[in-house]
Structures are given as C-alpha cells and as structure tokens.
file data-v2.pdb (PDB, C-alpha atoms)
ATOM      1  CA  MET B   1     128.774  27.785 118.852
ATOM      2  CA  ALA B   2     125.706  30.020 119.085
ATOM      3  CA  THR B   3     124.625  31.068 122.538
ATOM      4  CA  ALA B   4     121.055  30.455 123.641
ATOM      5  CA  ALA B   5     120.260  34.089 122.882
ATOM      6  CA  GLU B   6     121.618  33.891 119.338
ATOM      7  CA  SER B   7     120.021  30.578 118.361
ATOM      8  CA  LEU B   8     116.430  31.842 118.173
ATOM      9  CA  PRO B   9     115.965  35.001 116.126
ATOM     10  CA  LEU B  10     113.799  37.732 117.592
ATOM     11  CA  GLN B  11     110.799  37.734 115.306
ATOM     12  CA  THR B  12     110.434  41.276 114.083
ATOM     13  CA  ASP B  13     106.895  42.362 113.625
ATOM     14  CA  THR B  14     105.439  43.481 110.317
ATOM     15  CA  PRO B  15     103.984  46.979 110.252
ATOM     16  CA  LEU B  16     100.314  47.606 110.897
ATOM     17  CA  VAL B  17      98.680  48.259 107.526
ATOM     18  CA  ILE B  18      95.397  50.143 107.393
ATOM     19  CA  ALA B  19      93.878  51.269 104.074
ATOM     20  CA  GLY B  20      97.171  50.683 102.346
ATOM     21  CA  LYS B  21      99.273  52.764 104.724
ATOM     22  CA  ARG B  22     101.910  51.294 107.054
ATOM     23  CA  TYR B  23     102.303  52.222 110.700
ATOM     24  CA  GLN B  24     104.933  51.192 113.227
ATOM     25  CA  SER B  25     102.793  51.881 116.267
ATOM     26  CA  ARG B  26      99.856  49.618 117.060
ATOM     27  CA  LEU B  27      98.597  52.057 119.661
ATOM     28  CA  LEU B  28      96.087  54.659 118.478
ATOM     29  CA  VAL B  29      94.976  57.437 120.789
ATOM     30  CA  GLY B  30      92.239  59.996 121.132
ATOM     31  CA  THR B  31      92.598  63.655 122.007
ATOM     32  CA  GLY B  32      89.588  64.210 124.257
ATOM     33  CA  LYS B  33      89.370  64.894 127.994
ATOM     34  CA  TYR B  34      92.847  66.386 128.410
ATOM     35  CA  LYS B  35      93.538  69.412 130.593
ATOM     36  CA  ASP B  36      94.849  71.448 127.651
ATOM     37  CA  ASN B  37      96.584  71.158 124.278
ATOM     38  CA  GLU B  38     100.019  70.946 125.879
ATOM     39  CA  GLU B  39      99.066  67.920 127.975
ATOM     40  CA  THR B  40      97.496  66.403 124.846
ATOM     41  CA  ARG B  41     100.728  66.897 122.939
ATOM     42  CA  ARG B  42     102.923  65.417 125.668
ATOM     43  CA  ALA B  43     100.700  62.382 126.154
ATOM     44  CA  ILE B  44     100.529  61.663 122.431
ATOM     45  CA  GLU B  45     104.279  61.925 122.184
ATOM     46  CA  ALA B  46     104.782  59.546 125.124
ATOM     47  CA  SER B  47     102.367  57.064 123.585
ATOM     48  CA  GLY B  48     104.264  56.847 120.304
ATOM     49  CA  ALA B  49     100.919  56.798 118.503
ATOM     50  CA  GLU B  50     100.820  57.729 114.838
ATOM     51  CA  ILE B  51      97.048  57.668 114.325
ATOM     52  CA  ILE B  52      95.193  60.236 116.406
ATOM     53  CA  THR B  53      91.435  60.708 116.607
ATOM     54  CA  VAL B  54      89.753  64.112 116.586
ATOM     55  CA  ALA B  55      86.137  65.215 116.827
ATOM     56  CA  ILE B  56      84.332  67.578 114.448
ATOM     57  CA  ARG B  57      82.332  70.336 116.129
ATOM     58  CA  ARG B  58      80.972  73.827 115.547
ATOM     59  CA  THR B  59      83.642  76.501 115.497
ATOM     60  CA  ASN B  60      83.390  79.044 118.300
ATOM     61  CA  ILE B  61      82.338  82.193 116.446
ATOM     62  CA  GLY B  62      83.587  85.506 117.694
ATOM     63  CA  GLN B  63      84.938  84.228 120.967
ATOM     64  CA  ASN B  64      88.649  83.933 121.455
ATOM     65  CA  PRO B  65      90.338  84.538 118.083
ATOM     66  CA  ASP B  66      93.688  83.525 119.566
ATOM     67  CA  GLU B  67      92.261  80.276 120.909
ATOM     68  CA  PRO B  68      94.920  77.644 120.330
ATOM     69  CA  ASN B  69      93.980  75.168 117.635
ATOM     70  CA  LEU B  70      94.373  71.463 118.391
ATOM     71  CA  LEU B  71      95.829  70.868 114.945
ATOM     72  CA  ASP B  72      98.706  73.203 115.827
ATOM     73  CA  VAL B  73      99.940  70.618 118.340
ATOM     74  CA  ILE B  74      99.057  67.568 116.260
ATOM     75  CA  PRO B  75      99.866  68.709 112.741
ATOM     76  CA  ALA B  76      98.284  66.724 109.919
ATOM     77  CA  ASP B  77     101.670  66.298 108.230
ATOM     78  CA  GLN B  78     103.211  64.587 111.265
ATOM     79  CA  TYR B  79     100.314  62.395 112.312
ATOM     80  CA  THR B  80      97.518  60.522 110.617
ATOM     81  CA  LEU B  81      94.343  62.207 111.778
ATOM     82  CA  LEU B  82      91.308  60.045 112.326
ATOM     83  CA  PRO B  83      88.183  62.204 112.495
ATOM     84  CA  ASN B  84      85.413  60.464 114.388
ATOM     85  CA  THR B  85      81.633  60.645 114.352
ATOM     86  CA  ALA B  86      81.367  60.824 118.129
ATOM     87  CA  GLY B  87      77.970  62.012 119.353
ATOM     88  CA  CYS B  88      76.146  60.784 116.249
ATOM     89  CA  TYR B  89      73.012  58.731 116.845
ATOM     90  CA  THR B  90      71.795  58.647 113.274
ATOM     91  CA  VAL B  91      73.140  57.490 109.931
ATOM     92  CA  GLU B  92      72.549  60.977 108.521
ATOM     93  CA  ASP B  93      74.584  62.736 111.202
ATOM     94  CA  ALA B  94      77.456  60.269 110.912
ATOM     95  CA  VAL B  95      77.636  60.563 107.127
ATOM     96  CA  ARG B  96      77.389  64.362 107.315
ATOM     97  CA  THR B  97      80.206  64.461 109.869
ATOM     98  CA  CYS B  98      82.495  62.301 107.728
ATOM     99  CA  ARG B  99      81.877  64.461 104.651
ATOM    100  CA  LEU B 100      82.620  67.640 106.598
ATOM    101  CA  ALA B 101      85.758  66.023 108.015
ATOM    102  CA  ARG B 102      86.907  65.134 104.508
ATOM    103  CA  GLU B 103      86.420  68.733 103.383
ATOM    104  CA  LEU B 104      88.126  70.030 106.532
ATOM    105  CA  LEU B 105      91.190  67.848 105.972
ATOM    106  CA  ASP B 106      91.610  68.448 102.237
ATOM    107  CA  GLY B 107      90.169  65.190 100.971
ATOM    108  CA  HIS B 108      91.554  62.932 103.707
ATOM    109  CA  LYS B 109      89.527  59.725 103.444
ATOM    110  CA  LEU B 110      90.254  57.898 106.695
ATOM    111  CA  VAL B 111      87.446  58.164 109.229
ATOM    112  CA  LYS B 112      86.305  56.482 112.411
ATOM    113  CA  LEU B 113      82.629  55.638 112.171
ATOM    114  CA  GLU B 114      80.583  55.348 115.327
ATOM    115  CA  VAL B 115      76.810  55.464 115.435
ATOM    116  CA  LEU B 116      75.652  55.368 119.015
ATOM    117  CA  GLY B 117      72.479  53.723 120.214
ATOM    118  CA  ASP B 118      72.207  54.626 123.863
ATOM    119  CA  GLU B 119      73.411  57.523 126.012
ATOM    120  CA  LYS B 120      74.111  55.514 129.147
ATOM    121  CA  THR B 121      76.212  52.758 127.656
ATOM    122  CA  LEU B 122      77.281  54.500 124.427
ATOM    123  CA  PHE B 123      76.903  51.104 122.786
ATOM    124  CA  PRO B 124      76.791  51.228 119.019
ATOM    125  CA  ASP B 125      73.525  51.030 117.139
ATOM    126  CA  VAL B 126      74.755  48.220 114.952
ATOM    127  CA  THR B 127      72.016  48.320 112.306
ATOM    128  CA  ALA B 128      72.573  52.047 111.803
ATOM    129  CA  THR B 129      76.325  51.393 111.789
ATOM    130  CA  LEU B 130      75.932  48.847 108.990
ATOM    131  CA  ASP B 131      73.860  51.337 106.958
ATOM    132  CA  ALA B 132      76.265  54.221 107.516
ATOM    133  CA  ALA B 133      79.273  52.043 106.702
ATOM    134  CA  GLU B 134      77.723  51.023 103.404
ATOM    135  CA  ILE B 135      77.065  54.652 102.405
ATOM    136  CA  LEU B 136      80.526  55.818 103.434
ATOM    137  CA  VAL B 137      82.405  52.986 101.734
ATOM    138  CA  LYS B 138      80.470  53.701  98.504
ATOM    139  CA  ASP B 139      81.388  57.374  98.884
ATOM    140  CA  GLY B 140      85.078  56.468  98.876
ATOM    141  CA  PHE B 141      85.918  56.677 102.567
ATOM    142  CA  ASP B 142      88.352  54.351 104.336
ATOM    143  CA  VAL B 143      86.170  53.413 107.264
ATOM    144  CA  MET B 144      87.500  52.222 110.613
ATOM    145  CA  VAL B 145      84.302  51.189 112.334
ATOM    146  CA  TYR B 146      83.456  51.059 116.032
ATOM    147  CA  THR B 147      81.183  48.144 116.785
ATOM    148  CA  ASN B 148      80.233  45.713 119.536
ATOM    149  CA  ASP B 149      81.878  42.331 120.096
ATOM    150  CA  ASP B 150      79.386  40.377 117.958
ATOM    151  CA  PRO B 151      81.419  38.306 115.477
ATOM    152  CA  LEU B 152      78.549  38.262 112.947
ATOM    153  CA  ILE B 153      78.306  42.056 112.827
ATOM    154  CA  ALA B 154      82.086  42.364 112.693
ATOM    155  CA  LYS B 155      82.225  40.106 109.650
ATOM    156  CA  ARG B 156      79.385  41.966 107.936
ATOM    157  CA  LEU B 157      81.166  45.269 108.434
ATOM    158  CA  GLU B 158      84.260  43.744 106.881
ATOM    159  CA  GLN B 159      82.220  42.453 103.947
ATOM    160  CA  ILE B 160      80.740  45.915 103.407
ATOM    161  CA  GLY B 161      84.301  47.063 102.800
ATOM    162  CA  CYS B 162      85.435  48.695 106.014
ATOM    163  CA  ALA B 163      89.181  49.224 106.243
ATOM    164  CA  ALA B 164      89.291  48.041 109.840
ATOM    165  CA  VAL B 165      86.794  46.709 112.357
ATOM    166  CA  MET B 166      87.004  47.920 115.924
ATOM    167  CA  PRO B 167      85.076  45.937 118.511
ATOM    168  CA  LEU B 168      84.682  47.522 121.942
ATOM    169  CA  ALA B 169      86.342  46.039 124.994
ATOM    170  CA  ALA B 170      83.728  47.620 127.280
ATOM    171  CA  PRO B 171      81.624  50.838 127.231
ATOM    172  CA  ILE B 172      83.424  53.976 126.083
ATOM    173  CA  GLY B 173      85.210  55.612 129.008
ATOM    174  CA  SER B 174      84.363  52.799 131.434
ATOM    175  CA  GLY B 175      87.907  51.516 131.923
ATOM    176  CA  LEU B 176      86.577  47.997 132.495
ATOM    177  CA  GLY B 177      88.948  46.263 130.091
ATOM    178  CA  ILE B 178      87.984  43.431 127.742
ATOM    179  CA  ARG B 179      84.649  42.059 128.948
ATOM    180  CA  ASN B 180      84.398  39.269 126.412
ATOM    181  CA  PRO B 181      87.803  37.982 125.306
ATOM    182  CA  TYR B 182      86.405  34.908 123.575
ATOM    183  CA  ASN B 183      84.233  37.016 121.261
ATOM    184  CA  ILE B 184      87.198  39.247 120.446
ATOM    185  CA  LEU B 185      89.245  36.111 119.718
ATOM    186  CA  THR B 186      86.519  34.789 117.388
ATOM    187  CA  ILE B 187      86.388  38.134 115.584
ATOM    188  CA  ILE B 188      90.169  38.105 115.131
ATOM    189  CA  GLU B 189      90.220  34.527 113.870
ATOM    190  CA  ASN B 190      87.491  35.233 111.296
ATOM    191  CA  ALA B 191      88.875  38.521 110.058
ATOM    192  CA  GLU B 192      90.695  39.440 106.896
ATOM    193  CA  VAL B 193      90.962  43.122 107.808
ATOM    194  CA  PRO B 194      92.756  44.630 110.798
ATOM    195  CA  ILE B 195      90.900  44.244 114.087
ATOM    196  CA  LEU B 196      91.556  46.911 116.692
ATOM    197  CA  VAL B 197      90.009  46.906 120.134
ATOM    198  CA  ASP B 198      88.464  50.326 120.659
ATOM    199  CA  ALA B 199      86.808  51.655 123.846
ATOM    200  CA  GLY B 200      86.756  50.534 127.424
ATOM    201  CA  VAL B 201      90.447  49.991 128.037
ATOM    202  CA  GLY B 202      91.450  51.112 131.546
ATOM    203  CA  THR B 203      95.061  50.352 132.281
ATOM    204  CA  ALA B 204      98.207  48.875 130.780
ATOM    205  CA  SER B 205      97.350  45.220 131.374
ATOM    206  CA  ASP B 206      94.104  45.698 129.392
ATOM    207  CA  ALA B 207      96.136  46.803 126.391
ATOM    208  CA  ALA B 208      98.531  43.876 126.777
ATOM    209  CA  ILE B 209      95.625  41.414 126.991
ATOM    210  CA  ALA B 210      94.089  42.806 123.799
ATOM    211  CA  MET B 211      97.369  42.436 121.942
ATOM    212  CA  GLU B 212      97.945  38.940 123.356
ATOM    213  CA  LEU B 213      94.610  37.872 121.864
ATOM    214  CA  GLY B 214      96.024  38.797 118.487
ATOM    215  CA  CYS B 215      94.525  42.243 117.900
ATOM    216  CA  ASP B 216      96.231  44.240 115.206
ATOM    217  CA  GLY B 217      96.027  47.375 117.284
ATOM    218  CA  ILE B 218      94.260  49.147 120.080
ATOM    219  CA  LEU B 219      92.563  52.536 120.347
ATOM    220  CA  MET B 220      92.083  54.361 123.619
ATOM    221  CA  ASN B 221      91.417  57.824 124.976
ATOM    222  CA  THR B 222      90.046  57.948 128.520
ATOM    223  CA  ALA B 223      92.501  55.323 129.783
ATOM    224  CA  ILE B 224      95.290  57.830 129.193
ATOM    225  CA  ALA B 225      93.554  61.200 129.584
ATOM    226  CA  ALA B 226      91.787  60.304 132.845
ATOM    227  CA  ALA B 227      94.825  58.730 134.496
ATOM    228  CA  LYS B 228      96.291  60.735 137.377
ATOM    229  CA  ASN B 229      99.453  61.126 135.308
ATOM    230  CA  PRO B 230      98.380  60.930 131.669
ATOM    231  CA  VAL B 231     101.862  61.269 130.207
ATOM    232  CA  LEU B 232     103.155  58.418 132.365
ATOM    233  CA  MET B 233     100.130  56.271 131.507
ATOM    234  CA  ALA B 234     100.710  56.976 127.812
ATOM    235  CA  SER B 235     104.221  55.606 128.217
ATOM    236  CA  ALA B 236     102.859  52.556 130.049
ATOM    237  CA  MET B 237     100.360  51.940 127.266
ATOM    238  CA  LYS B 238     103.079  52.134 124.636
ATOM    239  CA  LYS B 239     105.081  49.478 126.457
ATOM    240  CA  ALA B 240     102.019  47.329 127.176
ATOM    241  CA  THR B 241     100.970  47.371 123.535
ATOM    242  CA  GLU B 242     104.457  46.352 122.458
ATOM    243  CA  ALA B 243     104.779  43.719 125.203
ATOM    244  CA  GLY B 244     101.404  42.194 124.369
ATOM    245  CA  ARG B 245     102.275  42.084 120.690
ATOM    246  CA  GLU B 246     105.626  40.405 121.339
ATOM    247  CA  ALA B 247     103.999  37.875 123.662
ATOM    248  CA  TYR B 248     101.489  37.084 120.944
ATOM    249  CA  LEU B 249     104.178  36.648 118.303
ATOM    250  CA  ALA B 250     106.278  34.586 120.726
ATOM    251  CA  GLY B 251     103.482  32.062 121.133
ATOM    252  CA  ARG B 252     102.578  31.610 124.781
ATOM    253  CA  MET B 253     102.971  28.370 126.695
ATOM    254  CA  PRO B 254      99.852  26.258 127.143
ATOM    255  CA  LYS B 255      97.875  26.499 130.367
ATOM    256  CA  LYS B 256      97.966  23.307 132.432
ATOM    257  CA  ARG B 257      95.777  22.110 135.205
ATOM    258  CA  PHE B 258      98.601  20.775 137.318
ATOM    259  CA  ALA B 259     102.180  21.710 138.028
ATOM    260  CA  SER B 260     105.154  20.959 135.834
ATOM    261  CA  ALA B 261     108.461  21.429 137.681
ATOM    262  CA  SER B 262     110.968  23.766 136.147
ATOM    263  CA  SER B 263     114.022  22.183 137.775
ATOM    264  CA  PRO B 264     115.181  18.593 136.921
ATOM    265  CA  LEU B 265     114.653  15.697 139.339
ATOM    266  CA  ASP B 266     117.985  14.082 138.330
ATOM    267  CA  GLY B 267     120.799  14.688 140.744
ATOM    268  CA  LEU B 268     118.724  15.186 143.843
ATOM    269  CA  PHE B 269     121.012  14.666 146.820
ATOM    270  CA  PHE B 270     118.420  14.027 149.477
TER     271      PHE B 270
ATOM    272  CA  MET M   1      68.335  96.269 104.023
ATOM    273  CA  SER M   2      69.913  93.234 105.513
ATOM    274  CA  MET M   3      69.576  89.482 105.241
ATOM    275  CA  LYS M   4      68.712  87.055 108.013
ATOM    276  CA  ILE M   5      70.683  83.817 108.211
ATOM    277  CA  THR M   6      71.318  81.184 110.839
ATOM    278  CA  LEU M   7      74.946  80.559 111.702
ATOM    279  CA  ASN M   8      75.924  77.704 113.998
ATOM    280  CA  GLY M   9      72.455  77.706 115.455
ATOM    281  CA  GLU M  10      72.253  81.442 116.058
ATOM    282  CA  ASP M  11      70.415  84.145 114.136
ATOM    283  CA  ARG M  12      72.539  86.681 112.348
ATOM    284  CA  THR M  13      72.131  89.453 109.845
ATOM    285  CA  VAL M  14      74.422  89.980 106.906
ATOM    286  CA  GLN M  15      74.622  92.399 103.992
ATOM    287  CA  PRO M  16      72.322  91.456 101.114
ATOM    288  CA  ASP M  17      74.388  89.795  98.410
ATOM    289  CA  ALA M  18      77.139  88.920 100.870
ATOM    290  CA  SER M  19      79.351  86.058  99.823
ATOM    291  CA  LEU M  20      80.369  83.236 102.131
ATOM    292  CA  GLY M  21      83.946  84.434 101.765
ATOM    293  CA  GLU M  22      83.004  87.908 102.998
ATOM    294  CA  LEU M  23      81.151  86.451 105.967
ATOM    295  CA  LEU M  24      84.173  84.314 106.918
ATOM    296  CA  GLU M  25      86.438  87.340 106.542
ATOM    297  CA  MET M  26      84.184  89.302 108.886
ATOM    298  CA  LEU M  27      84.328  86.450 111.428
ATOM    299  CA  ASP M  28      88.117  86.292 111.181
ATOM    300  CA  LEU M  29      87.867  82.716 109.900
ATOM    301  CA  LYS M  30      89.264  83.216 106.404
ATOM    302  CA  GLY M  31      92.276  80.969 105.969
ATOM    303  CA  LYS M  32      91.556  79.000 109.135
ATOM    304  CA  ARG M  33      91.119  75.234 109.026
ATOM    305  CA  ILE M  34      87.318  74.934 108.898
ATOM    306  CA  ALA M  35      84.633  73.286 106.813
ATOM    307  CA  VAL M  36      81.363  74.934 105.853
ATOM    308  CA  GLU M  37      77.910  73.592 105.112
ATOM    309  CA  VAL M  38      75.075  75.748 103.756
ATOM    310  CA  ASN M  39      71.600  74.207 103.918
ATOM    311  CA  LEU M  40      73.139  70.777 104.463
ATOM    312  CA  GLU M  41      75.389  71.041 101.392
ATOM    313  CA  ILE M  42      79.138  71.325 101.846
ATOM    314  CA  VAL M  43      80.645  74.389 100.152
ATOM    315  CA  PRO M  44      84.231  73.622  99.086
ATOM    316  CA  ARG M  45      86.922  76.066 100.170
ATOM    317  CA  SER M  46      87.580  77.068  96.566
ATOM    318  CA  GLU M  47      83.963  78.272  96.238
ATOM    319  CA  TYR M  48      83.782  80.533  99.308
ATOM    320  CA  ASP M  49      84.223  83.808  97.447
ATOM    321  CA  ASN M  50      81.826  82.869  94.651
ATOM    322  CA  PHE M  51      79.091  81.544  96.931
ATOM    323  CA  LYS M  52      76.367  84.150  97.460
ATOM    324  CA  LEU M  53      74.312  83.833 100.616
ATOM    325  CA  THR M  54      70.498  83.886 100.461
ATOM    326  CA  GLU M  55      67.844  84.903 102.986
ATOM    327  CA  SER M  56      67.216  82.140 105.578
ATOM    328  CA  ASP M  57      70.359  80.185 104.729
ATOM    329  CA  THR M  58      71.418  77.815 107.514
ATOM    330  CA  ILE M  59      75.181  77.758 107.807
ATOM    331  CA  GLU M  60      77.350  75.397 109.832
ATOM    332  CA  ILE M  61      81.035  76.123 110.320
ATOM    333  CA  VAL M  62      83.011  73.287 111.943
ATOM    334  CA  ASN M  63      86.564  72.488 112.933
ATOM    335  CA  ALA M  64      88.532  69.673 114.564
ATOM    336  CA  ILE M  65      88.754  69.503 118.352
ATOM    337  CA  GLY M  66      89.876  66.936 120.894
ATOM    338  CA  GLY M  67      87.842  63.756 120.973
ATOM    339  CA  GLY M  68      88.196  60.010 121.436
TER     340      GLY M  68
END

call {"tool": "encode", "arguments": {"input": "data-v2.pdb", "output": "structure tokens"}}
result
Amino acid sequence: MATAAESLPLQTDTPLVIAGKRYQSRLLVGTGKYKDNEETRRAIEASGAEIITVAIRRTNIGQNPDEPNLLDVIPADQYTLLPNTAGCYTVEDAVRTCRLARELLDGHKLVKLEVLGDEKTLFPDVTATLDAAEILVKDGFDVMVYTNDDPLIAKRLEQIGCAAVMPLAAPIGSGLGIRNPYNILTIIENAEVPILVDAGVGTASDAAIAMELGCDGILMNTAIAAAKNPVLMASAMKKATEAGREAYLAGRMPKKRFASASSPLDGLFF
Amino acid sequence: MSMKITLNGEDRTVQPDASLGELLEMLDLKGKRIAVEVNLEIVPRSEYDNFKLTESDTIEIVNAIGGG
C-alpha cells in the first residue's frame, strides 16, 4: 500500500522558456552595485541564475589596461547574457544601445529594454517603451521589456512581439517588494508570454510572493548586491524563488474568515 | 599633419588616413570585447582594418560592465 508520501507525485516543473531557449532557474540577476568582480561571481553562483544582465558603457581608454573584465567572470558561453538599456531616457538611446550590444556579443539577440521616464522613481516611460519595443522587435531582437504594472501596457507589449514582459514590483533599487499584487496577477492571467517581475524586490519573501502569484520568473539586482551578505542573500533568493514556485504549483489552500480546526472533534475525552 | 576626432567624448588627434583598426591597436583594444560606433553607425569587427577615419569623426567604443 502506498504511503501518504508516495500517493501524490511531486509535480515537477517545466523549464522556463524565453525566446525559444529553456532555463532551469527562474531567478535572473543583475551584476551592478557589487564590491568587485569576485563578489559578483560568488553571488551569481550562489543564486543559481542562468540569465545575467549587464550594462553597456564607454570603455575606459588608456586607463588600466589590466583592468579585469566582467565577462571574464561571467563568460558568455556559461551564462546567457542579457544586455540592458539602463540609463536610457529616449527611444533612440535604447535602440542604439541594443544594436551596440548585439555587435558586442557577436549577434546575440536577447536584450532587456528599459526606457526610463523619471530620475527619482526610475519609472518607465511607457509610450517610449512601446515605440522602442516595436523598432527592436522589427529589427530581430528578442526583447524582454521592463514596464510598469499596468495590464493594458503589458498586453500591448506582448502584442508588439516582446519575448517576455517584466512589470516592476516597485521602483528600481527601492527594495519595497510587490506594491500592487492584484495588477501583477491580472497581467499574469492575461499573458501568453512569460511574465517576470523585475525591479523593487528587497528580500527573500518578496521573491516568494512574486512566484506564488504565478510569475514565470523574477529579476533582481540591488536586493542581492546591497544586502549585508550578498552571497548569502543570493542563496536565500534561490530558495525563495524555488519555494514560491512550488507553492504556486502545489495550489495553496483557500483563505477563510474563520477558523477550521485541524484536529478531529471525535474522541474527545472531556 | 594630423586629424582631429572625438573619441568617447574627448578630443584626440590621429594620423591622417588612420584606420579604425590602427587606432584600436594604438589604444591596446584590438582583440578585446568591444563594439564601435562611428558617427552613430556601428562598424562591424570585420571592418575595423578597412575603415578609414575622417576628420571630425565621432567615435564611441563601448563594452559590457556590471548593471541591473
């Protein structure tokens, strides 16, 4: 006779598929704000992430020729690099950055599009984002797009042809966690492309909550890099992402207004 | 005789008729993982040696660094 543990199979998850490529890890991480390349490497390793974001910036000319290169610690053949358009406030700058990134990485088409609208909040300029997404998709890029938590915009970005839509939890680097879970839920329910929460995650429970809502993945940078112990936080985030995903697949119990005893009333001896 | 160009926002002088490849060689960037734009047009890696620089060219050389 099967034991309780054997009677219900553990549902194994399907891989995360983005632009036709499969990934085991649903946690994506950035490489900014670390102390040095070694800390970056250790944190990424602890996170188990396979998709890693990088920024594209002017090369330091004539300064330190032996300056260690980030790509030496996160080689393009071991990770999937996700160049971003961080710091871009215009469609032109974002498109230029993606094209340079594609040249830099030998034709690599996967990019993270962000077109910012405001320096204080770093909220996306959604109309510019829509325009840039359209240009980039036409130019053959696989666009993972940072956006706000507006379900209408999220759906339009999907319809434009973005490979994944990434609504923010809260402002970039704020660590506030998901500010509007019901909007994220609506976006997920309406989507036919992967939805990844990107920006504003602060600690492990935030990652678990995102995954429990049904997100396909989660992207974070500051939550790990600005922790007192980034490598330990990376490990926590890995577990939280997995735990949240399992809880989602397991199908949580309903919330009830009143109590429902866990022990039977039969056999009371008082 | 030398040629004035702008490189990563700074003025520079190069030999007249210098190629992009020669400039990168001089900067110790040949073979490094970079991307180059001249006057807002990307120059593919395969074209570096053939690409002749012109007076007042604006060149951007970029690479990948840490970012979120």

call {"tool": "resolve_selection", "arguments": {"input": "data-v2.pdb", "expression": "the ChimeraX specification (/M :<7) & /B", "output": "PyMOL selection string"}}
result
chain B and resi 30-32+53-59+61-62+70+100+103-104+221

call {"tool": "atom_distance", "arguments": {"input": "data-v2.pdb", "atom1": "atom CA of B:Val17", "atom2": "atom CA of B:Met166"}}
result
14.4 Å

call {"tool": "atom_distance", "arguments": {"input": "data-v2.pdb", "atom1": "atom CA of B:Leu219", "atom2": "atom CA of B:Ser205"}}
result
14.1 Å

call {"tool": "residues_around", "arguments": {"input": "data-v2.pdb", "residues": "stretch 141-151 of chain B", "least_positions_apart": "4", "cutoff": "6 Å", "atoms": "all atoms listed in the file", "output": "PyMOL selection string"}}
result
chain B and resi 109-114+124+136-137+162-168+183+187

call {"tool": "closest_residue", "arguments": {"input": "data-v2.pdb", "among": "B:Pro15, B:Pro254, B:Pro230, B:Gly244", "to": "B:Ala43", "atoms": "all atoms listed in the file"}}
result
B:Pro230

call {"tool": "residues_around", "arguments": {"input": "data-v2.pdb", "residues": "M:Lys30", "least_positions_apart": "5", "cutoff": "10 Å", "atoms": "all atoms listed in the file", "output": "PDB file with C-alpha atoms, keeping the file's coordinate frame"}}
result
ATOM      1  CA  LEU M  20      80.369  83.236 102.131  1.00  0.00           C
ATOM      2  CA  GLY M  21      83.946  84.434 101.765  1.00  0.00           C
ATOM      3  CA  GLU M  22      83.004  87.908 102.998  1.00  0.00           C
ATOM      4  CA  LEU M  23      81.151  86.451 105.967  1.00  0.00           C
ATOM      5  CA  LEU M  24      84.173  84.314 106.918  1.00  0.00           C
ATOM      6  CA  GLU M  25      86.438  87.340 106.542  1.00  0.00           C
ATOM      7  CA  ARG M  45      86.922  76.066 100.170  1.00  0.00           C
ATOM      8  CA  TYR M  48      83.782  80.533  99.308  1.00  0.00           C
TER       9      TYR M  48
END

call {"tool": "resolve_selection", "arguments": {"input": "data-v2.pdb", "expression": "the PyMOL selection byres ((chain B and resi 184) around 12)", "output": "number ranges by chain"}}
result
B: 147-152, 154-155, 165-170, 178-183, 185-191, 195-198, 209-216

call {"tool": "write_last_selection", "arguments": {"input": "data-v2.pdb", "atoms": "C-alpha atoms", "output": "PDB file, in the coordinates of the input"}}
result
ATOM      1  CA  THR B 147      81.183  48.144 116.785  1.00  0.00           C
ATOM      2  CA  ASN B 148      80.233  45.713 119.536  1.00  0.00           C
ATOM      3  CA  ASP B 149      81.878  42.331 120.096  1.00  0.00           C
ATOM      4  CA  ASP B 150      79.386  40.377 117.958  1.00  0.00           C
ATOM      5  CA  PRO B 151      81.419  38.306 115.477  1.00  0.00           C
ATOM      6  CA  LEU B 152      78.549  38.262 112.947  1.00  0.00           C
ATOM      7  CA  ALA B 154      82.086  42.364 112.693  1.00  0.00           C
ATOM      8  CA  LYS B 155      82.225  40.106 109.650  1.00  0.00           C
ATOM      9  CA  VAL B 165      86.794  46.709 112.357  1.00  0.00           C
ATOM     10  CA  MET B 166      87.004  47.920 115.924  1.00  0.00           C
ATOM     11  CA  PRO B 167      85.076  45.937 118.511  1.00  0.00           C
ATOM     12  CA  LEU B 168      84.682  47.522 121.942  1.00  0.00           C
ATOM     13  CA  ALA B 169      86.342  46.039 124.994  1.00  0.00           C
ATOM     14  CA  ALA B 170      83.728  47.620 127.280  1.00  0.00           C
ATOM     15  CA  ILE B 178      87.984  43.431 127.742  1.00  0.00           C
ATOM     16  CA  ARG B 179      84.649  42.059 128.948  1.00  0.00           C
ATOM     17  CA  ASN B 180      84.398  39.269 126.412  1.00  0.00           C
ATOM     18  CA  PRO B 181      87.803  37.982 125.306  1.00  0.00           C
ATOM     19  CA  TYR B 182      86.405  34.908 123.575  1.00  0.00           C
ATOM     20  CA  ASN B 183      84.233  37.016 121.261  1.00  0.00           C
ATOM     21  CA  LEU B 185      89.245  36.111 119.718  1.00  0.00           C
ATOM     22  CA  THR B 186      86.519  34.789 117.388  1.00  0.00           C
ATOM     23  CA  ILE B 187      86.388  38.134 115.584  1.00  0.00           C
ATOM     24  CA  ILE B 188      90.169  38.105 115.131  1.00  0.00           C
ATOM     25  CA  GLU B 189      90.220  34.527 113.870  1.00  0.00           C
ATOM     26  CA  ASN B 190      87.491  35.233 111.296  1.00  0.00           C
ATOM     27  CA  ALA B 191      88.875  38.521 110.058  1.00  0.00           C
ATOM     28  CA  ILE B 195      90.900  44.244 114.087  1.00  0.00           C
ATOM     29  CA  LEU B 196      91.556  46.911 116.692  1.00  0.00           C
ATOM     30  CA  VAL B 197      90.009  46.906 120.134  1.00  0.00           C
ATOM     31  CA  ASP B 198      88.464  50.326 120.659  1.00  0.00           C
ATOM     32  CA  ILE B 209      95.625  41.414 126.991  1.00  0.00           C
ATOM     33  CA  ALA B 210      94.089  42.806 123.799  1.00  0.00           C
ATOM     34  CA  MET B 211      97.369  42.436 121.942  1.00  0.00           C
ATOM     35  CA  GLU B 212      97.945  38.940 123.356  1.00  0.00           C
ATOM     36  CA  LEU B 213      94.610  37.872 121.864  1.00  0.00           C
ATOM     37  CA  GLY B 214      96.024  38.797 118.487  1.00  0.00           C
ATOM     38  CA  CYS B 215      94.525  42.243 117.900  1.00  0.00           C
ATOM     39  CA  ASP B 216      96.231  44.240 115.206  1.00  0.00           C
TER      40      ASP B 216
END

call {"tool": "residues_around", "arguments": {"input": "data-v2.pdb", "residues": "B:Val231", "least_positions_apart": "4", "cutoff": "7 Å", "atoms": "only C-alpha atoms", "output": "ChimeraX atom specification"}}
result
/B:42-43,46,235

call {"tool": "residues_near_point", "arguments": {"input": "data-v2.pdb", "point": "(67.7, 82.6, 103.9)", "cutoff": "7 Å", "atoms": "all atoms listed in the file", "output": "PyMOL selection string"}}
result
chain M and resi 4-5+54-57
